[in-house]
$ cat final_32.cif   # mmCIF, C-alpha atoms
data_upload
#
loop_
_atom_site.label_atom_id
_atom_site.label_comp_id
_atom_site.auth_asym_id
_atom_site.auth_seq_id
_atom_site.Cartn_x
_atom_site.Cartn_y
_atom_site.Cartn_z
CA MET A 1 -47.09 4.93 -25.86
CA PHE A 2 -44.26 3.59 -23.67
CA ALA A 3 -44.14 0.40 -21.65
CA THR A 4 -41.68 -0.02 -18.81
CA ASP A 5 -39.49 -3.08 -19.33
CA ILE A 6 -37.78 -2.62 -15.98
CA VAL A 7 -36.96 0.02 -13.36
CA ILE A 8 -33.29 -0.22 -12.43
CA GLN A 9 -32.19 1.02 -9.02
CA LEU A 10 -28.51 1.93 -8.97
CA GLU A 11 -26.49 0.18 -6.29
CA GLU A 12 -24.30 2.54 -4.31
CA ASP A 13 -21.02 2.04 -2.53
CA PRO A 14 -21.50 3.70 0.89
CA SER A 15 -17.97 5.09 0.66
CA ASP A 16 -18.48 6.39 -2.90
CA SER A 17 -22.02 7.74 -3.16
CA ILE A 18 -23.52 9.03 -6.40
CA ALA A 19 -23.95 12.79 -6.31
CA VAL A 20 -26.15 13.16 -9.43
CA PRO A 21 -26.44 10.67 -12.34
CA GLY A 22 -25.13 12.25 -15.54
CA ALA A 23 -24.35 10.69 -18.91
CA PHE A 24 -25.75 7.21 -19.60
CA LEU A 25 -24.26 4.61 -21.96
CA GLU A 26 -25.87 1.35 -23.04
CA ARG A 27 -22.98 -1.09 -23.48
CA ARG A 28 -22.77 -3.35 -26.51
CA ASN A 29 -22.57 -6.66 -24.70
CA ASP A 30 -24.03 -6.29 -21.23
CA GLY A 31 -24.94 -3.61 -18.73
CA PHE A 32 -24.45 0.14 -18.84
CA LEU A 33 -22.28 3.02 -17.66
CA VAL A 34 -23.33 6.15 -15.78
CA SER A 35 -21.14 9.16 -15.18
CA ASP A 36 -21.63 11.47 -12.23
CA ALA A 37 -22.84 14.96 -13.17
CA SER A 38 -21.26 16.63 -10.13
CA ILE A 39 -18.15 14.68 -9.22
CA PRO A 40 -15.56 13.15 -11.60
CA ARG A 41 -16.68 9.51 -11.57
CA VAL A 42 -17.75 6.88 -14.10
CA ARG A 43 -19.50 3.74 -12.86
CA SER A 44 -20.29 0.42 -14.52
CA TYR A 45 -23.43 -1.62 -13.74
CA ASP A 46 -25.11 -4.82 -14.86
CA TRP A 47 -28.75 -4.73 -15.99
CA GLN A 48 -29.93 -5.38 -12.43
CA GLY A 49 -28.22 -2.19 -11.30
CA ARG A 50 -25.43 -3.97 -9.44
CA LEU A 51 -22.24 -1.94 -9.26
CA ARG A 52 -19.32 -3.55 -11.09
CA ALA A 53 -16.59 -0.93 -11.16
CA ALA A 54 -15.92 2.79 -10.76
CA PHE A 55 -13.19 5.16 -11.81
CA GLY A 56 -12.35 8.85 -11.52
CA ARG A 57 -10.59 11.38 -9.34
CA TYR A 58 -10.59 15.15 -9.26
CA GLY A 59 -7.71 17.08 -10.78
CA ASP A 60 -5.99 18.32 -13.92
CA GLY A 61 -3.42 15.57 -14.22
CA PRO A 62 -3.40 12.38 -16.31
CA PHE A 63 -6.57 10.32 -15.81
CA GLU A 64 -8.10 13.06 -13.66
CA PHE A 65 -11.23 15.14 -14.28
CA ARG A 66 -12.94 18.19 -12.92
CA ARG A 67 -16.25 16.92 -14.28
CA VAL A 68 -17.21 14.18 -16.74
CA LEU A 69 -19.17 15.54 -19.72
CA GLY A 70 -19.50 12.46 -21.94
CA ILE A 71 -18.71 8.77 -22.33
CA VAL A 72 -18.73 6.43 -25.33
CA GLU A 73 -17.74 2.82 -26.00
CA THR A 74 -15.41 2.13 -28.92
CA PRO A 75 -15.68 -0.95 -31.18
CA SER A 76 -12.75 -2.46 -29.27
CA GLY A 77 -14.65 -2.15 -25.99
CA LYS A 78 -12.62 0.73 -24.54
CA ILE A 79 -14.41 3.66 -22.90
CA ALA A 80 -13.61 7.18 -24.12
CA VAL A 81 -14.28 9.94 -21.59
CA ILE A 82 -14.35 13.71 -22.09
CA GLY A 83 -13.82 15.99 -19.12
CA SER A 84 -14.70 19.60 -18.49
CA GLY A 85 -12.05 21.97 -19.87
CA GLN A 86 -9.80 19.18 -21.18
CA ALA A 87 -8.51 19.27 -24.76
CA GLY A 88 -8.32 15.51 -25.13
CA LEU A 89 -9.83 12.08 -24.64
CA THR A 90 -9.21 9.78 -21.70
CA TYR A 91 -9.46 6.11 -22.65
CA LEU A 92 -10.31 3.51 -20.03
CA THR A 93 -10.39 -0.25 -20.42
CA ALA A 94 -13.69 -2.12 -20.46
CA ASP A 95 -13.22 -2.62 -16.71
CA LEU A 96 -12.65 1.13 -16.15
CA LEU A 97 -8.90 0.98 -15.65
CA PRO A 98 -6.59 3.71 -17.04
CA ASP A 99 -5.55 3.01 -20.63
CA THR A 100 -4.35 5.90 -22.83
CA LEU A 101 -4.63 9.67 -23.30
CA VAL A 102 -5.22 11.29 -26.70
CA LYS A 103 -4.87 15.01 -27.47
CA LEU A 104 -7.63 16.85 -29.34
CA PRO A 105 -7.36 20.14 -31.28
CA GLY A 106 -9.98 21.75 -29.06
CA ILE A 107 -12.06 21.30 -25.92
CA PRO A 108 -15.00 18.88 -26.44
CA TRP A 109 -18.45 19.28 -24.92
CA GLY A 110 -20.15 16.24 -26.39
CA ILE A 111 -19.20 12.90 -27.93
CA GLU A 112 -20.91 10.04 -29.78
CA PRO A 113 -19.59 6.98 -31.66
CA LEU A 114 -19.70 7.19 -35.46
CA GLY A 115 -18.75 3.89 -37.10
CA PRO A 116 -15.14 3.14 -36.16
CA ASP A 117 -14.58 6.83 -35.28
CA LEU A 118 -15.93 9.43 -32.88
CA LEU A 119 -18.12 12.47 -33.47
CA VAL A 120 -17.13 15.30 -31.15
CA HIS A 121 -18.79 18.65 -30.48
CA MET A 122 -16.01 21.18 -29.99
CA ARG A 123 -14.48 24.36 -31.30
CA LEU A 124 -11.13 23.73 -32.88
CA THR A 125 -8.25 25.60 -31.27
CA ALA A 126 -7.80 27.60 -34.48
CA ASP A 127 -11.44 28.73 -34.21
CA ARG A 128 -11.23 29.92 -30.62
CA ALA A 129 -11.89 33.60 -30.99
CA THR A 130 -10.73 36.58 -28.96
CA ASP A 131 -13.23 38.63 -26.97
CA VAL A 132 -13.68 40.94 -29.96
CA SER A 133 -13.58 38.59 -32.93
CA ARG A 134 -15.95 36.03 -31.38
CA PHE A 135 -18.81 38.40 -32.22
CA TYR A 136 -18.13 37.88 -35.92
CA ARG A 137 -17.30 34.19 -36.17
CA ARG A 138 -19.40 31.08 -36.85
CA PRO A 139 -17.15 28.08 -36.20
CA LEU A 140 -17.94 24.53 -37.31
CA LEU A 141 -18.97 22.56 -34.23
CA LEU A 142 -19.14 18.85 -35.16
CA HIS A 143 -15.92 17.00 -35.98
CA ARG A 144 -15.35 13.40 -36.99
CA ILE A 145 -12.24 12.12 -35.21
CA SER A 146 -10.31 9.09 -36.48
CA GLU A 147 -6.93 7.73 -35.47
CA GLN A 148 -5.41 10.14 -38.00
CA GLY A 149 -7.10 13.21 -36.49
CA VAL A 150 -10.00 15.38 -37.67
CA THR A 151 -11.52 13.77 -40.79
CA TRP A 152 -14.12 16.48 -41.45
CA SER A 153 -15.98 19.31 -39.73
CA ALA A 154 -19.63 20.28 -40.15
CA PHE A 155 -22.60 22.16 -38.62
CA ARG A 156 -21.74 25.82 -38.47
CA TYR A 157 -22.68 27.81 -35.37
CA PRO A 158 -26.05 29.30 -36.36
CA PHE A 159 -25.52 32.87 -35.17
CA VAL A 160 -22.93 35.19 -33.69
CA PRO A 161 -23.36 37.02 -30.36
CA ILE A 162 -23.82 40.39 -32.02
CA GLU A 163 -26.90 39.00 -33.83
CA ARG A 164 -28.43 37.28 -30.79
CA PRO A 165 -27.61 39.21 -27.61
CA TYR A 166 -27.96 37.15 -24.39
CA TRP A 167 -28.37 33.85 -26.25
CA THR A 168 -24.80 32.54 -26.13
CA PRO A 169 -24.79 31.26 -22.51
CA MET A 170 -28.21 29.64 -23.04
CA THR A 171 -27.50 27.76 -26.26
CA GLY A 172 -26.55 24.09 -26.40
CA PHE A 173 -26.30 21.75 -29.36
CA PRO A 174 -27.79 18.33 -28.51
CA PHE A 175 -26.99 15.60 -31.03
CA ASP A 176 -27.19 11.87 -31.53
CA VAL A 177 -25.94 9.33 -34.07
CA ALA A 178 -27.67 6.33 -35.62
CA GLY A 179 -25.66 4.28 -38.11
CA ASP A 180 -24.43 6.75 -40.70
CA SER A 181 -26.90 9.51 -39.79
CA ILE A 182 -26.26 12.46 -37.48
CA TYR A 183 -29.04 14.52 -35.88
CA VAL A 184 -28.17 17.87 -34.31
CA SER A 185 -30.13 20.92 -33.18
CA SER A 186 -29.72 24.25 -31.51
CA SER A 187 -31.40 24.09 -28.12
CA LEU A 188 -33.33 27.28 -28.91
CA ARG A 189 -34.77 26.60 -32.35
CA TYR A 190 -36.29 23.92 -34.57
CA PRO A 191 -35.64 22.09 -36.90
CA VAL A 192 -33.17 19.25 -36.29
CA ALA A 193 -30.43 19.15 -38.94
CA ILE A 194 -29.40 15.84 -40.50
CA PHE A 195 -25.90 15.00 -41.76
CA ASN A 196 -24.47 11.82 -43.21
CA GLY A 197 -21.26 10.09 -42.15
CA ALA A 198 -19.26 12.18 -44.62
CA GLY A 199 -20.40 15.42 -42.98
CA ASP A 200 -22.79 16.39 -45.78
CA SER A 201 -26.08 18.09 -44.93
CA ILE A 202 -28.88 15.80 -46.14
CA GLY A 203 -32.01 17.35 -44.72
CA ARG A 204 -33.96 18.62 -41.74
CA ILE A 205 -36.62 17.13 -39.51
CA GLY A 206 -39.08 18.42 -36.95
CA PHE A 207 -41.37 21.35 -36.33
CA PRO A 208 -42.70 22.80 -33.09
CA ALA A 209 -46.09 22.01 -31.67
CA ALA A 210 -48.51 24.90 -31.23
CA SER A 211 -47.76 24.75 -27.49
CA PHE A 212 -44.00 25.18 -28.03
CA ARG A 213 -43.04 28.71 -26.98
CA PRO A 214 -39.54 29.50 -28.29
CA VAL A 215 -37.11 31.86 -26.62
CA PRO A 216 -37.48 35.31 -28.22
CA VAL A 217 -34.76 37.34 -29.88
CA PHE A 218 -33.83 40.12 -27.45
CA GLU A 219 -32.76 43.55 -28.62
CA PRO A 220 -29.35 44.86 -27.47
CA GLY A 221 -29.71 46.53 -24.09
CA ALA A 222 -32.95 44.74 -23.20
CA LEU A 223 -31.37 43.24 -20.09
CA SER A 224 -28.85 45.06 -17.94
CA PRO A 225 -25.97 43.00 -16.50
CA GLY A 226 -27.09 43.65 -12.93
CA VAL A 227 -30.47 41.95 -13.32
CA TYR A 228 -29.65 39.54 -16.14
CA GLY A 229 -29.92 36.27 -14.22
CA LEU A 230 -33.08 37.06 -12.25
CA ARG A 231 -35.03 38.67 -15.10
CA MET A 232 -33.99 36.07 -17.66
CA ALA A 233 -35.01 33.17 -15.43
CA ARG A 234 -38.46 34.67 -14.86
CA MET A 235 -38.95 35.51 -18.53
CA LEU A 236 -38.00 31.99 -19.64
CA GLU A 237 -40.02 30.11 -17.03
CA ASP A 238 -42.86 29.29 -19.44
CA LEU A 239 -40.77 29.16 -22.63
CA ASN A 240 -39.34 26.04 -24.27
CA THR A 241 -35.95 24.73 -25.32
CA ILE A 242 -34.72 21.55 -27.00
CA GLU A 243 -32.71 19.69 -24.37
CA ARG A 244 -32.06 16.31 -26.00
CA VAL A 245 -32.12 14.82 -29.48
CA VAL A 246 -32.30 11.05 -28.96
CA VAL A 247 -32.49 8.16 -31.43
CA VAL A 248 -34.43 5.06 -30.37
CA GLY A 249 -34.48 2.56 -33.23
CA SER A 250 -36.39 4.13 -36.12
CA ARG A 251 -37.62 7.06 -34.00
CA LEU A 252 -36.15 10.44 -33.26
CA VAL A 253 -37.15 11.75 -29.84
CA VAL A 254 -36.92 15.52 -29.27
CA VAL A 255 -36.91 16.37 -25.56
CA HIS A 256 -38.31 19.77 -24.60
CA GLY A 257 -37.25 21.68 -21.54
CA ARG A 258 -38.31 24.69 -19.49
CA SER A 259 -36.21 27.04 -17.42
CA ASP A 260 -35.75 26.12 -13.79
CA HIS A 261 -36.41 29.57 -12.33
CA THR A 262 -35.33 28.46 -8.85
CA ARG A 263 -31.68 28.35 -9.94
CA PRO A 264 -29.53 31.40 -10.68
CA MET A 265 -28.43 32.23 -14.23
CA PRO A 266 -26.34 32.08 -16.32
CA PRO A 267 -26.02 29.27 -17.34
CA LEU A 268 -29.57 28.24 -18.15
CA TYR A 269 -30.79 25.32 -16.01
CA THR A 270 -33.76 23.41 -17.36
CA VAL A 271 -36.19 20.67 -16.45
CA HIS A 272 -37.33 18.14 -19.04
CA SER A 273 -41.01 18.71 -19.72
CA SER A 274 -42.29 16.87 -22.83
CA LEU A 275 -41.44 14.87 -25.96
CA ASP A 276 -42.02 15.12 -29.69
CA ILE A 277 -41.43 11.84 -31.54
CA TYR A 278 -40.74 11.40 -35.27
CA ASP A 279 -40.16 8.60 -37.72
CA ARG A 280 -36.58 9.51 -38.47
CA HIS A 281 -36.65 7.91 -41.92
CA THR A 282 -39.73 9.69 -43.25
CA GLY A 283 -39.81 12.77 -41.01
CA THR A 284 -43.42 12.06 -40.00
CA LYS A 285 -44.34 13.34 -36.55
CA LEU A 286 -45.75 10.36 -34.66
CA TYR A 287 -46.48 11.94 -31.27
CA GLU A 288 -46.53 15.52 -30.06
CA ASP A 289 -46.02 17.23 -26.74
CA ILE A 290 -46.08 14.05 -24.62
CA PRO A 291 -45.66 15.13 -20.97
CA LEU A 292 -42.87 13.69 -18.86
CA PRO A 293 -43.31 12.79 -15.18
CA ALA A 294 -42.43 15.59 -12.80
CA SER A 295 -38.76 15.62 -11.70
CA SER A 296 -37.77 13.06 -14.35
CA ARG A 297 -34.98 13.49 -16.89
CA VAL A 298 -34.32 11.75 -20.20
CA MET A 299 -30.82 10.29 -20.05
CA THR A 300 -30.42 8.86 -23.58
CA GLY A 301 -31.74 6.35 -26.06
CA GLY A 302 -30.53 2.92 -27.07
CA ARG A 303 -31.09 0.28 -29.67
CA ARG A 304 -34.69 -0.25 -28.55
CA HIS A 305 -35.15 1.74 -25.35
CA LEU A 306 -35.46 5.23 -23.93
CA TYR A 307 -33.81 5.66 -20.54
CA LEU A 308 -35.51 7.92 -18.03
CA LEU A 309 -34.11 8.97 -14.66
CA LEU A 310 -37.24 8.95 -12.52
CA ASN A 311 -36.10 11.48 -9.94
CA LYS A 312 -33.29 13.82 -10.89
CA ASP A 313 -32.98 15.45 -7.47
CA PHE A 314 -32.34 12.82 -4.80
CA PRO A 315 -31.80 9.05 -4.27
CA PRO A 316 -32.64 6.27 -4.54
CA TRP A 317 -31.52 6.70 -8.15
CA GLN A 318 -33.90 4.80 -10.39
CA ILE A 319 -33.76 4.49 -14.18
CA ALA A 320 -36.79 3.37 -16.16
CA LYS A 321 -36.00 1.34 -19.27
CA LEU A 322 -38.86 2.26 -21.62
CA ARG A 323 -39.94 0.66 -24.89
CA PHE A 324 -42.50 1.79 -27.44
CA ARG A 325 -45.66 -0.25 -26.96
CA GLU A 326 -45.90 -1.06 -30.66
CA ASP A 327 -42.51 -2.76 -30.41
CA MET A 328 -43.63 -5.11 -27.65
CA GLU A 329 -44.14 -8.76 -28.48
CA PRO A 330 -47.86 -9.66 -28.88
#

$ encode --input "final_32.cif" --output "C-alpha cells"
Amino acid sequence: MFATDIVIQLEEDPSDSIAVPGAFLERRNDGFLVSDASIPRVRSYDWQGRLRAAFGRYGDGPFEFRRVLGIVETPSGKIAVIGSGQAGLTYLTADLLPDTLVKLPGIPWGIEPLGPDLLVHMRLTADRATDVSRFYRRPLLLHRISEQGVTWSAFRYPFVPIERPYWTPMTGFPFDVAGDSIYVSSSLRYPVAIFNGAGDSIGRIGFPAASFRPVPVFEPGALSPGVYGLRMARMLEDLNTIERVVVVGSRLVVVHGRSDHTRPMPPLYTVHSSLDIYDRHTGTKLYEDIPLPASSRVMTGGRRHLYLLLNKDFPPWQIAKLRFREDMEP
C-alpha cells in the first residue's frame, strides 16, 4: 500500500538534544519543522534531515513556552506556535526568530492553516465553565481566526461530563484541513465530521471495522477515584481510539490507537496501532485496519506523503516519508 520515498534521520546538536519528536510540519518551499513533545523547542530541517535552526526556551514570558502543542506555516512564511496553557499565538520568522505575539480569546490545543486564516481548537474564554456548570455545557470547539479575530465557531462538544462519566480526560478531538474542507472527530467515536470553510456541517465520513472495539459508556460510580488510573488502563488495553485524522492528497487517513497500560492515568496515553483509509471525496473506504509497525507513530500528512516516526521511544530519530503505491510513477 505504501512505498517509502526516504527515511530521514534527524540531525542533533549535541548541546541541544531532541527529547521526543512532537508536531511535524511540511514546509511550503523546502524542508520541514519538528517541535519537541517534552521540552519547549521548535527545530527546522532540510529534506536530508540536516538541522537548520532551533528556537524555544522554558517559561511564561514573551516567546517562552512550557510545552509546544502545535505549529503551522502562514502564507507569508511565518511560523505560528501554540504553547501549553497560553491564550495566544507566538509568531516566529521563517528562520525561527522571534516576531510577534497575538492574544487569543481562549487557550488553544490544536491549530491548522485554513486559507489565509487559522483554524484553532480551543474553548473561548466566555465558554470556560465553573466546576458546576461544566457538567451542563457543550461549547463550540473549532474557531476560524483571521486578523480581525474569531470569524466563526463550529463543532459542538459532543457530550457533557454528566452524560459520560470518566470520558472527559480521555477525549481528544483530532482534526485536519484540506483546501476548504475540515475533518474532525472525537477520539472515542466514529464518524469523522466534515465542515466547509464557512463552518457549515456538510457531512460525515467513516465507520469502524469489525475489529474496532470502542470505549464503553461507564455508569456513574463504576470506577472509584482511588483505583481510577489502574483499572481504566487495564480495561482500555484492548480497546480502540481515534488518535489522528490526517489528509494525504485525496485520502483521509484515520489513525487508531490503543491504551498504553504501562503508563499511569489520567490522561490516557496511547500507541498508534492501525489505519483506516478513505477516499475523502466519495467517502469510500479504501483500506481497513492496516497495522502499523510496533513503536511507530503517525506524525502527520502532507501534500502527497504520510510521515511516520519509526521509533517513538528513543533515538536515533527517524521519520519515514511514505507515499501510496498507486501514486508512484510507473

$ resolve_selection --input "final_32.cif" --expression "the PyMOL selection byres ((chain A and resi 213-218) around 10)" --output "short mmCIF file (atom, residue, chain, number, x, y, z; two decimals) with C-alpha atoms, in the frame of the given file"
data_model
loop_
_atom_site.label_atom_id
_atom_site.label_comp_id
_atom_site.auth_asym_id
_atom_site.auth_seq_id
_atom_site.Cartn_x
_atom_site.Cartn_y
_atom_site.Cartn_z
CA GLU A 163 -26.90 39.00 -33.83
CA ARG A 164 -28.43 37.28 -30.79
CA PRO A 165 -27.61 39.21 -27.61
CA TYR A 166 -27.96 37.15 -24.39
CA TRP A 167 -28.37 33.85 -26.25
CA MET A 170 -28.21 29.64 -23.04
CA SER A 187 -31.40 24.09 -28.12
CA LEU A 188 -33.33 27.28 -28.91
CA ARG A 189 -34.77 26.60 -32.35
CA TYR A 190 -36.29 23.92 -34.57
CA PRO A 208 -42.70 22.80 -33.09
CA ALA A 209 -46.09 22.01 -31.67
CA ALA A 210 -48.51 24.90 -31.23
CA SER A 211 -47.76 24.75 -27.49
CA PHE A 212 -44.00 25.18 -28.03
CA GLU A 219 -32.76 43.55 -28.62
CA PRO A 220 -29.35 44.86 -27.47
CA GLY A 221 -29.71 46.53 -24.09
CA ALA A 222 -32.95 44.74 -23.20
CA LEU A 223 -31.37 43.24 -20.09
CA MET A 235 -38.95 35.51 -18.53
CA LEU A 236 -38.00 31.99 -19.64
CA ASP A 238 -42.86 29.29 -19.44
CA LEU A 239 -40.77 29.16 -22.63
CA ASN A 240 -39.34 26.04 -24.27
CA THR A 241 -35.95 24.73 -25.32
CA ILE A 242 -34.72 21.55 -27.00
CA ARG A 258 -38.31 24.69 -19.49
#

$ resolve_selection --input "final_32.cif" --expression "the PyMOL selection byres ((chain A and resi 41-54) around 8)" --output "compact mmCIF listing (two decimals) with C-alpha atoms, in the coordinates of the input"
# COMPACT_ATOMS: atom_id res chain seq x y z
CA ILE A 8 -33.29 -0.22 -12.43
CA GLN A 9 -32.19 1.02 -9.02
CA LEU A 10 -28.51 1.93 -8.97
CA GLU A 11 -26.49 0.18 -6.29
CA GLU A 12 -24.30 2.54 -4.31
CA ASP A 13 -21.02 2.04 -2.53
CA ASP A 30 -24.03 -6.29 -21.23
CA GLY A 31 -24.94 -3.61 -18.73
CA PHE A 32 -24.45 0.14 -18.84
CA LEU A 33 -22.28 3.02 -17.66
CA VAL A 34 -23.33 6.15 -15.78
CA SER A 35 -21.14 9.16 -15.18
CA ASP A 36 -21.63 11.47 -12.23
CA ILE A 39 -18.15 14.68 -9.22
CA PRO A 40 -15.56 13.15 -11.60
CA PHE A 55 -13.19 5.16 -11.81
CA GLY A 56 -12.35 8.85 -11.52
CA ARG A 57 -10.59 11.38 -9.34
CA ARG A 67 -16.25 16.92 -14.28
CA VAL A 68 -17.21 14.18 -16.74
CA ASP A 95 -13.22 -2.62 -16.71
CA LEU A 96 -12.65 1.13 -16.15

$ atom_distance --input "final_32.cif" --atom1 "atom CA of A:Asp5" --atom2 "atom CA of A:Gly301"
13.9 Å

$ atom_distance --input "final_32.cif" --atom1 "atom CA of A:Ile79" --atom2 "atom CA of A:Ala320"
23.4 Å

$ closest_residue --input "final_32.cif" --among "A:Leu124, A:Val132, A:Val192, A:Leu119" --to "A:Ser146" --atoms "all atoms listed in the file"
A:Leu119

$ closest_residue --input "final_32.cif" --among "A:Ile290, A:Glu237, A:His272, A:Ser38" --to "A:Ile18" --atoms "all atoms listed in the file"
A:Ser38

$ resolve_selection --input "final_32.cif" --expression "the PyMOL selection byres ((chain A and resi 3) around 8)" --output "list in words"
Met1, Phe2, Thr4, Asp5, Leu322, Arg323, Phe324 and Arg325 of chain A

$ residues_around --input "final_32.cif" --residues "A:Asn196" --least-positions-apart "3" --cutoff "7 Å" --atoms "only C-alpha atoms" --output "list of chain:residue names"
A:Asp180, A:Ser181, A:Ile182, A:Gly199, A:Asp200, A:Ser201, A:Ile202

$ build_atoms --input "final_32.cif" --residues "stretch 320-328 of chain A" --atoms "all heavy atoms" --output "PDB file, keeping the file's coordinate frame"
ATOM      1  N   ALA A 320     -35.780   4.157 -15.463  1.00  0.00           N
ATOM      2  CA  ALA A 320     -36.790   3.370 -16.160  1.00  0.00           C
ATOM      3  C   ALA A 320     -36.310   3.061 -17.565  1.00  0.00           C
ATOM      4  O   ALA A 320     -35.879   3.952 -18.298  1.00  0.00           O
ATOM      5  CB  ALA A 320     -38.113   4.118 -16.202  1.00  0.00           C
ATOM      6  N   LYS A 321     -36.378   1.792 -17.934  1.00  0.00           N
ATOM      7  CA  LYS A 321     -36.000   1.340 -19.270  1.00  0.00           C
ATOM      8  C   LYS A 321     -37.303   1.187 -20.060  1.00  0.00           C
ATOM      9  O   LYS A 321     -38.062   0.243 -19.865  1.00  0.00           O
ATOM     10  CB  LYS A 321     -35.254   0.004 -19.152  1.00  0.00           C
ATOM     11  CG  LYS A 321     -34.632  -0.508 -20.432  1.00  0.00           C
ATOM     12  CD  LYS A 321     -33.859  -1.792 -20.155  1.00  0.00           C
ATOM     13  CE  LYS A 321     -33.195  -2.337 -21.402  1.00  0.00           C
ATOM     14  NZ  LYS A 321     -32.468  -3.611 -21.125  1.00  0.00           N
ATOM     15  N   LEU A 322     -37.576   2.157 -20.950  1.00  0.00           N
ATOM     16  CA  LEU A 322     -38.860   2.260 -21.620  1.00  0.00           C
ATOM     17  C   LEU A 322     -38.771   1.767 -23.055  1.00  0.00           C
ATOM     18  O   LEU A 322     -37.783   2.009 -23.746  1.00  0.00           O
ATOM     19  CB  LEU A 322     -39.337   3.717 -21.621  1.00  0.00           C
ATOM     20  CG  LEU A 322     -39.393   4.429 -20.266  1.00  0.00           C
ATOM     21  CD1 LEU A 322     -39.853   5.861 -20.451  1.00  0.00           C
ATOM     22  CD2 LEU A 322     -40.307   3.691 -19.296  1.00  0.00           C
ATOM     23  N   ARG A 323     -39.849   1.113 -23.506  1.00  0.00           N
ATOM     24  CA  ARG A 323     -39.940   0.660 -24.890  1.00  0.00           C
ATOM     25  C   ARG A 323     -41.266   1.123 -25.483  1.00  0.00           C
ATOM     26  O   ARG A 323     -42.272   1.193 -24.784  1.00  0.00           O
ATOM     27  CB  ARG A 323     -39.843  -0.867 -24.970  1.00  0.00           C
ATOM     28  CG  ARG A 323     -39.596  -1.359 -26.399  1.00  0.00           C
ATOM     29  CD  ARG A 323     -39.709  -2.857 -26.515  1.00  0.00           C
ATOM     30  NE  ARG A 323     -38.825  -3.578 -25.607  1.00  0.00           N
ATOM     31  CZ  ARG A 323     -38.583  -4.881 -25.716  1.00  0.00           C
ATOM     32  NH1 ARG A 323     -39.143  -5.579 -26.700  1.00  0.00           N
ATOM     33  NH2 ARG A 323     -37.810  -5.484 -24.859  1.00  0.00           N
ATOM     34  N   PHE A 324     -41.250   1.448 -26.776  1.00  0.00           N
ATOM     35  CA  PHE A 324     -42.500   1.790 -27.440  1.00  0.00           C
ATOM     36  C   PHE A 324     -43.442   0.592 -27.406  1.00  0.00           C
ATOM     37  O   PHE A 324     -43.030  -0.535 -27.692  1.00  0.00           O
ATOM     38  CB  PHE A 324     -42.240   2.217 -28.883  1.00  0.00           C
ATOM     39  CG  PHE A 324     -41.614   3.576 -29.000  1.00  0.00           C
ATOM     40  CD1 PHE A 324     -40.240   3.701 -29.106  1.00  0.00           C
ATOM     41  CD2 PHE A 324     -42.394   4.715 -29.007  1.00  0.00           C
ATOM     42  CE1 PHE A 324     -39.657   4.946 -29.212  1.00  0.00           C
ATOM     43  CE2 PHE A 324     -41.823   5.962 -29.110  1.00  0.00           C
ATOM     44  CZ  PHE A 324     -40.452   6.088 -29.213  1.00  0.00           C
ATOM     45  N   ARG A 325     -44.690   0.847 -27.088  1.00  0.00           N
ATOM     46  CA  ARG A 325     -45.660  -0.250 -26.960  1.00  0.00           C
ATOM     47  C   ARG A 325     -45.817  -1.037 -28.261  1.00  0.00           C
ATOM     48  O   ARG A 325     -46.011  -2.247 -28.242  1.00  0.00           O
ATOM     49  CB  ARG A 325     -47.018   0.303 -26.520  1.00  0.00           C
ATOM     50  CG  ARG A 325     -47.030   0.813 -25.094  1.00  0.00           C
ATOM     51  CD  ARG A 325     -48.430   1.149 -24.636  1.00  0.00           C
ATOM     52  NE  ARG A 325     -48.442   1.728 -23.309  1.00  0.00           N
ATOM     53  CZ  ARG A 325     -48.416   1.023 -22.177  1.00  0.00           C
ATOM     54  NH1 ARG A 325     -48.401  -0.302 -22.248  1.00  0.00           N
ATOM     55  NH2 ARG A 325     -48.420   1.617 -21.000  1.00  0.00           N
ATOM     56  N   GLU A 326     -45.725  -0.344 -29.395  1.00  0.00           N
ATOM     57  CA  GLU A 326     -45.900  -1.060 -30.660  1.00  0.00           C
ATOM     58  C   GLU A 326     -44.746  -1.998 -30.975  1.00  0.00           C
ATOM     59  O   GLU A 326     -44.838  -2.830 -31.886  1.00  0.00           O
ATOM     60  CB  GLU A 326     -46.096  -0.073 -31.814  1.00  0.00           C
ATOM     61  CG  GLU A 326     -45.016   0.974 -31.942  1.00  0.00           C
ATOM     62  CD  GLU A 326     -45.386   2.282 -31.306  1.00  0.00           C
ATOM     63  OE1 GLU A 326     -45.997   2.264 -30.214  1.00  0.00           O
ATOM     64  OE2 GLU A 326     -45.079   3.332 -31.887  1.00  0.00           O
ATOM     65  N   ASP A 327     -43.639  -1.865 -30.215  1.00  0.00           N
ATOM     66  CA  ASP A 327     -42.510  -2.760 -30.410  1.00  0.00           C
ATOM     67  C   ASP A 327     -42.566  -3.985 -29.486  1.00  0.00           C
ATOM     68  O   ASP A 327     -41.720  -4.862 -29.585  1.00  0.00           O
ATOM     69  CB  ASP A 327     -41.196  -2.023 -30.146  1.00  0.00           C
ATOM     70  CG  ASP A 327     -40.909  -0.960 -31.197  1.00  0.00           C
ATOM     71  OD1 ASP A 327     -41.543  -1.025 -32.264  1.00  0.00           O
ATOM     72  OD2 ASP A 327     -40.085  -0.075 -30.921  1.00  0.00           O
ATOM     73  N   MET A 328     -43.541  -3.995 -28.576  1.00  0.00           N
ATOM     74  CA  MET A 328     -43.630  -5.110 -27.650  1.00  0.00           C
ATOM     75  C   MET A 328     -44.132  -6.353 -28.368  1.00  0.00           C
ATOM     76  O   MET A 328     -44.926  -6.286 -29.316  1.00  0.00           O
ATOM     77  CB  MET A 328     -44.586  -4.754 -26.492  1.00  0.00           C
ATOM     78  CG  MET A 328     -44.187  -3.521 -25.719  1.00  0.00           C
ATOM     79  SD  MET A 328     -42.658  -3.723 -24.777  1.00  0.00           S
ATOM     80  CE  MET A 328     -43.230  -4.781 -23.444  1.00  0.00           C
TER      81      MET A 328
END
